[in-house]
Amino acid sequence: MKTAITVLLFTTLALSLGGCGGSKAPAGGPNALSTISGVAYRPAEAATIYVYRVGDDFRGPPMTRIGPLAFDGSFSVDLPPGEYNFLLRQRAEGDDSGPVREGDLKTDPIKVLVADGKPISLDLKGFIKEGNAKESFGEEVKYKARLEGRITDAEGAPVEGVRVHAYDHVQMSERPKFVSARTGPDGRYELNLPEGGTYYICARDQYGGPPKVGDLYGRYDMGTVEPSAVIVEDGNTLKDVDITVHTVW
Amino acid sequence: MLILLAAALLAGCSGYGPPPSLKALEERSASGDATAYDGLVSYMAKEKRQDERSRAYIALLKAGQNAAPTILTAASEGDPTQREHAIALAANLKLKGGFEVAMKALNDPSFPRRHSAAWALGELGDARAIEPLADTVESSDRELTAREAARALARFGKAAVLPLAARLEKMPNKRKGYALRVLGELRDERGKPYLIKALEDPHTREDALWALGTMGRIGKPSDTAFYLDDQDWRVRVEAARATGLLQENAAKVKLDYLRAEDPVKAVREWSARAMSLLEGNPVEYKTFSGEWKIPDSLYH
């Protein structure tokens, strides 16, 4: 009897824990698709491959992305005929977007010509980026203007880990023209600009694309529907350009 | 012994075990199990991770009207972060009773996220919110709430013009700036005299010019070109923008001068933009190194 009750109690516990408590894209598809497969070497576990159409801006969103890759760096993707650029990136901070910085893993763009239905073997060799020579905001750029301020949440607490994005057009769509480094624990940011002018700025924790539900996002604004401009003159630093971010509902 | 066994069985199936995972709650909610909603609400609390809060929020959004009682209760009290999310749900789902909970939140000084209530009232569109929102623009102790209230009022259209205008006199300059700009976005002739009056005050002149330009050619003409000579370069920028948007051809000569000679680059750029609007062709401004350059297009 004791044994029977013990078994029953165990069963009850299991029920309370458990009882009350994907699909993969088809490999073949239309004949027009070609399968590109290979290995990204280092090996590049957890890296991401970005596929752009030829002519696309590599700083913008890719046509498709593959990854984060498995431990062996292997990948496979089906693409229609066309010309593409493949780039491997693995950001040290773990972001899946934003500028590639010193210490990040990357490849140079690899052009791939995809013909009708023919599989392609493509191996990618990543390297660690050293120096910021290719950064649009490298040290060689002389800044003429700067924005400074603080990013806070709705209760006034500083927000860490967001970037300030500056756009040169009022729609604030597509990719930003300039992006700050992530804020630290004090929520402060500095955004160096190569020239003064009229900018529309926001702070967010993601990079690229419109803000989605759950993102942290906030615009600099004056209570209007249309974004408000920030105008900074050459040679000046505009201080206290503060932004409040909140979760996108 | 049998009693103990029954108690154990009851405990196992009535929530006395470990709390269900978010994934389990999402699945139960998706299958229409209303007992999952309270658990999902608890995942929107401050101590949860941001991604967990968003997943719970989306699950409740998908549950829709079925989750209304749970959402409305959460929107009325409790953890501010959880309450903020519940208010947003009530607004996005247009829940019956959403207006009442949003109004309660807007008037609750202990609720630090009142901006969400202001936003929700704009989304819900119940005209009873107009006066309280105008009061909020005037006197909220938080800038964020005041700005969100101003933006919410812009969603009510013409009905918001006079309540907002009536409070201008009592507003501090910063709030007056928000209100003036919203009056411009409301594009109603009745707001125009207030904008013209605000031109007289150097503290609100920039906002008033922005609003007049945004309002467009409605009602009596206003002499925005006069302010192209203002001492404050930010006022000159807004005056240039307004003359272009309002098609004030009489300003052309002055704009032509400013695009080459103003000591501030932004004024030169905006003067060129204004001339582009007047002439229908791209117009260049003169850089300080003497080159002529077309300013960036801000609307593309």
# chains A, B, ... in the order shown; residues from 1 in each chain; ligands from 1
>>> residues_around(residues="His165 in chain A", least_positions_apart="2", cutoff="8 Å", atoms="only C-alpha atoms", output="VMD selection string")
chain A and resid 163 167 176 to 180 201 to 204
>>> select_by_dssp(residues="range 20-254 of chain B", states="alpha helix (DSSP H)", output="ChimeraX atom specification")
/B:22-30,37-42,50-63,68-76,80-92,98-106,114-124,130-139,143-154,161-166,173-186,192-198,205-215,233-245,252-254
>>> select_by_dssp(residues="range 78-199 of chain A", states="strand (DSSP E or B)", output="PyMOL selection string")
chain A and resi 78-79+82-90+105-106+110-114+120-121+124-125+127-128+145-152+158+163-167+178-179+188-193+197-199
>>> write_last_selection(atoms="N, CA and C atoms", output="short mmCIF file (atom, residue, chain, number, x, y, z; two decimals), in the first residue's frame")
data_model
loop_
_atom_site.label_atom_id
_atom_site.label_comp_id
_atom_site.auth_asym_id
_atom_site.auth_seq_id
_atom_site.Cartn_x
_atom_site.Cartn_y
_atom_site.Cartn_z
N ASP A 78 18.17 28.73 -50.33
CA ASP A 78 17.66 28.64 -51.70
C ASP A 78 17.37 30.04 -52.23
N LEU A 79 17.95 30.35 -53.38
CA LEU A 79 17.77 31.69 -53.95
C LEU A 79 17.37 31.61 -55.41
N GLY A 82 20.08 35.26 -60.03
CA GLY A 82 20.43 36.66 -59.84
C GLY A 82 21.84 36.79 -59.31
N GLU A 83 22.23 38.04 -59.08
CA GLU A 83 23.56 38.31 -58.52
C GLU A 83 23.41 38.77 -57.09
N TYR A 84 24.20 38.18 -56.23
CA TYR A 84 24.08 38.49 -54.81
C TYR A 84 25.45 38.77 -54.20
N ASN A 85 25.44 39.45 -53.08
CA ASN A 85 26.63 39.60 -52.26
C ASN A 85 26.39 38.90 -50.93
N PHE A 86 27.32 38.03 -50.55
CA PHE A 86 27.25 37.35 -49.26
C PHE A 86 28.24 38.01 -48.31
N LEU A 87 27.80 38.30 -47.11
CA LEU A 87 28.70 38.83 -46.08
C LEU A 87 28.46 38.07 -44.79
N LEU A 88 29.52 37.68 -44.16
CA LEU A 88 29.43 37.04 -42.85
C LEU A 88 29.76 38.09 -41.79
N ARG A 89 28.96 38.10 -40.74
CA ARG A 89 29.23 39.05 -39.66
C ARG A 89 28.91 38.39 -38.32
N GLN A 90 29.74 38.66 -37.37
CA GLN A 90 29.44 38.24 -36.00
C GLN A 90 29.92 39.33 -35.08
N LEU A 105 33.74 39.69 -36.07
CA LEU A 105 34.12 38.77 -37.16
C LEU A 105 33.37 39.18 -38.42
N LYS A 106 34.06 39.15 -39.56
CA LYS A 106 33.39 39.55 -40.80
C LYS A 106 34.09 38.96 -42.00
N ILE A 110 31.21 38.83 -50.89
CA ILE A 110 31.54 37.79 -51.87
C ILE A 110 30.42 37.73 -52.89
N LYS A 111 30.75 38.07 -54.12
CA LYS A 111 29.71 38.12 -55.15
C LYS A 111 29.40 36.71 -55.62
N VAL A 112 28.12 36.38 -55.70
CA VAL A 112 27.68 35.04 -56.12
C VAL A 112 26.67 35.19 -57.25
N LEU A 113 26.96 34.51 -58.36
CA LEU A 113 26.03 34.52 -59.49
C LEU A 113 25.21 33.24 -59.43
N VAL A 114 23.92 33.38 -59.27
CA VAL A 114 23.04 32.22 -59.15
C VAL A 114 22.31 32.02 -60.48
N ILE A 120 25.22 25.51 -55.67
CA ILE A 120 26.52 26.19 -55.57
C ILE A 120 27.15 25.85 -54.23
N SER A 121 28.42 25.54 -54.27
CA SER A 121 29.15 25.31 -53.02
C SER A 121 29.94 26.57 -52.71
N LEU A 124 33.02 30.32 -46.78
CA LEU A 124 33.35 31.69 -46.39
C LEU A 124 34.41 31.67 -45.30
N LYS A 125 35.39 32.53 -45.43
CA LYS A 125 36.41 32.63 -44.39
C LYS A 125 36.31 34.00 -43.72
N PHE A 127 37.25 36.93 -40.84
CA PHE A 127 38.42 37.44 -40.12
C PHE A 127 37.95 38.47 -39.11
N ILE A 128 38.79 38.70 -38.13
CA ILE A 128 38.45 39.67 -37.10
C ILE A 128 38.81 41.06 -37.59
N ALA A 145 30.04 68.91 -35.77
CA ALA A 145 28.91 69.20 -34.88
C ALA A 145 28.66 67.98 -34.00
N ARG A 146 27.99 68.22 -32.92
CA ARG A 146 27.77 67.12 -31.99
C ARG A 146 26.44 67.31 -31.25
N LEU A 147 25.76 66.20 -31.02
CA LEU A 147 24.57 66.21 -30.17
C LEU A 147 24.91 65.44 -28.89
N GLU A 148 24.43 65.94 -27.79
CA GLU A 148 24.64 65.26 -26.51
C GLU A 148 23.33 65.26 -25.74
N GLY A 149 23.15 64.22 -24.97
CA GLY A 149 21.93 64.20 -24.17
C GLY A 149 21.85 62.93 -23.35
N ARG A 150 20.66 62.68 -22.87
CA ARG A 150 20.45 61.57 -21.96
C ARG A 150 19.20 60.82 -22.40
N ILE A 151 19.29 59.51 -22.35
CA ILE A 151 18.13 58.68 -22.70
C ILE A 151 17.55 58.14 -21.40
N THR A 152 16.28 58.39 -21.20
CA THR A 152 15.63 57.93 -19.97
C THR A 152 14.37 57.15 -20.31
N PRO A 158 17.81 56.41 -16.20
CA PRO A 158 18.65 56.29 -17.41
C PRO A 158 18.51 54.92 -18.05
N ARG A 163 20.91 53.13 -28.80
CA ARG A 163 21.69 54.01 -29.67
C ARG A 163 20.80 55.16 -30.13
N VAL A 164 21.42 56.28 -30.41
CA VAL A 164 20.68 57.39 -31.02
C VAL A 164 20.91 57.34 -32.52
N HIS A 165 19.83 57.39 -33.27
CA HIS A 165 19.89 57.33 -34.73
C HIS A 165 19.51 58.72 -35.26
N ALA A 166 20.31 59.21 -36.19
CA ALA A 166 20.00 60.52 -36.79
C ALA A 166 19.66 60.32 -38.27
N TYR A 167 18.55 60.88 -38.67
CA TYR A 167 18.09 60.79 -40.07
C TYR A 167 18.15 62.18 -40.70
N PHE A 178 23.35 58.59 -39.36
CA PHE A 178 24.39 58.48 -38.34
C PHE A 178 23.84 57.80 -37.10
N VAL A 179 24.71 57.04 -36.45
CA VAL A 179 24.29 56.27 -35.27
C VAL A 179 25.33 56.44 -34.17
N ARG A 188 23.73 58.35 -20.97
CA ARG A 188 24.21 59.49 -21.76
C ARG A 188 24.72 59.05 -23.13
N TYR A 189 24.55 59.93 -24.11
CA TYR A 189 25.04 59.64 -25.45
C TYR A 189 25.74 60.86 -26.03
N GLU A 190 26.59 60.59 -26.99
CA GLU A 190 27.21 61.66 -27.77
C GLU A 190 27.11 61.21 -29.22
N LEU A 191 26.66 62.07 -30.06
CA LEU A 191 26.57 61.73 -31.48
C LEU A 191 27.36 62.76 -32.27
N ASN A 192 28.50 62.32 -32.81
CA ASN A 192 29.34 63.22 -33.60
C ASN A 192 28.83 63.26 -35.04
N LEU A 193 28.80 64.43 -35.58
CA LEU A 193 28.27 64.60 -36.94
C LEU A 193 29.33 65.27 -37.82
N GLY A 197 23.49 70.69 -39.42
CA GLY A 197 22.35 70.62 -40.34
C GLY A 197 21.07 70.31 -39.59
N THR A 198 20.08 69.91 -40.35
CA THR A 198 18.77 69.58 -39.78
C THR A 198 18.65 68.07 -39.70
N TYR A 199 18.42 67.57 -38.51
CA TYR A 199 18.34 66.12 -38.30
C TYR A 199 17.06 65.77 -37.54
#
>>> residues_around(residues="Val182 in chain B", least_positions_apart="5", cutoff="10 Å", atoms="only C-alpha atoms", output="JSON, numbers by chain")
{"A": [222, 223, 224, 225, 226], "B": [147, 150, 151, 152, 153, 154, 155, 157, 160, 161, 164, 176, 177, 187, 191, 207, 211, 214, 215]}
>>> write_last_selection(atoms="C-alpha atoms", output="short mmCIF file (atom, residue, chain, number, x, y, z; two decimals), in the first residue's frame")
data_model
loop_
_atom_site.label_atom_id
_atom_site.label_comp_id
_atom_site.auth_asym_id
_atom_site.auth_seq_id
_atom_site.Cartn_x
_atom_site.Cartn_y
_atom_site.Cartn_z
CA MET A 222 7.68 68.55 -29.41
CA GLY A 223 4.37 66.78 -28.87
CA THR A 224 3.50 66.70 -32.54
CA VAL A 225 2.55 63.93 -34.93
CA GLU A 226 5.30 64.98 -37.32
CA ARG B 147 3.69 65.75 -25.02
CA ALA B 150 -0.76 67.01 -27.07
CA ARG B 151 -0.19 64.37 -29.71
CA ALA B 152 -3.35 62.54 -28.62
CA LEU B 153 -5.33 65.74 -29.09
CA ALA B 154 -4.14 65.98 -32.68
CA ARG B 155 -6.11 62.77 -33.30
CA GLY B 157 -9.34 66.87 -35.16
CA ALA B 160 -9.70 69.76 -29.94
CA VAL B 161 -8.97 73.25 -31.27
CA LEU B 164 -6.53 73.61 -26.41
CA LYS B 176 2.45 76.53 -25.02
CA GLY B 177 4.93 75.46 -27.66
CA ARG B 187 -5.26 72.75 -39.60
CA GLY B 191 -6.68 78.16 -34.35
CA ASP B 207 6.69 77.39 -32.41
CA ALA B 211 2.59 75.85 -36.73
CA THR B 214 2.26 73.41 -41.07
CA MET B 215 -1.30 74.73 -41.04
#
>>> residues_around(residues="Thr204 in chain B", least_positions_apart="4", cutoff="7 Å", atoms="only C-alpha atoms", output="VMD selection string")
chain B and resid 173 177 198 to 199 208
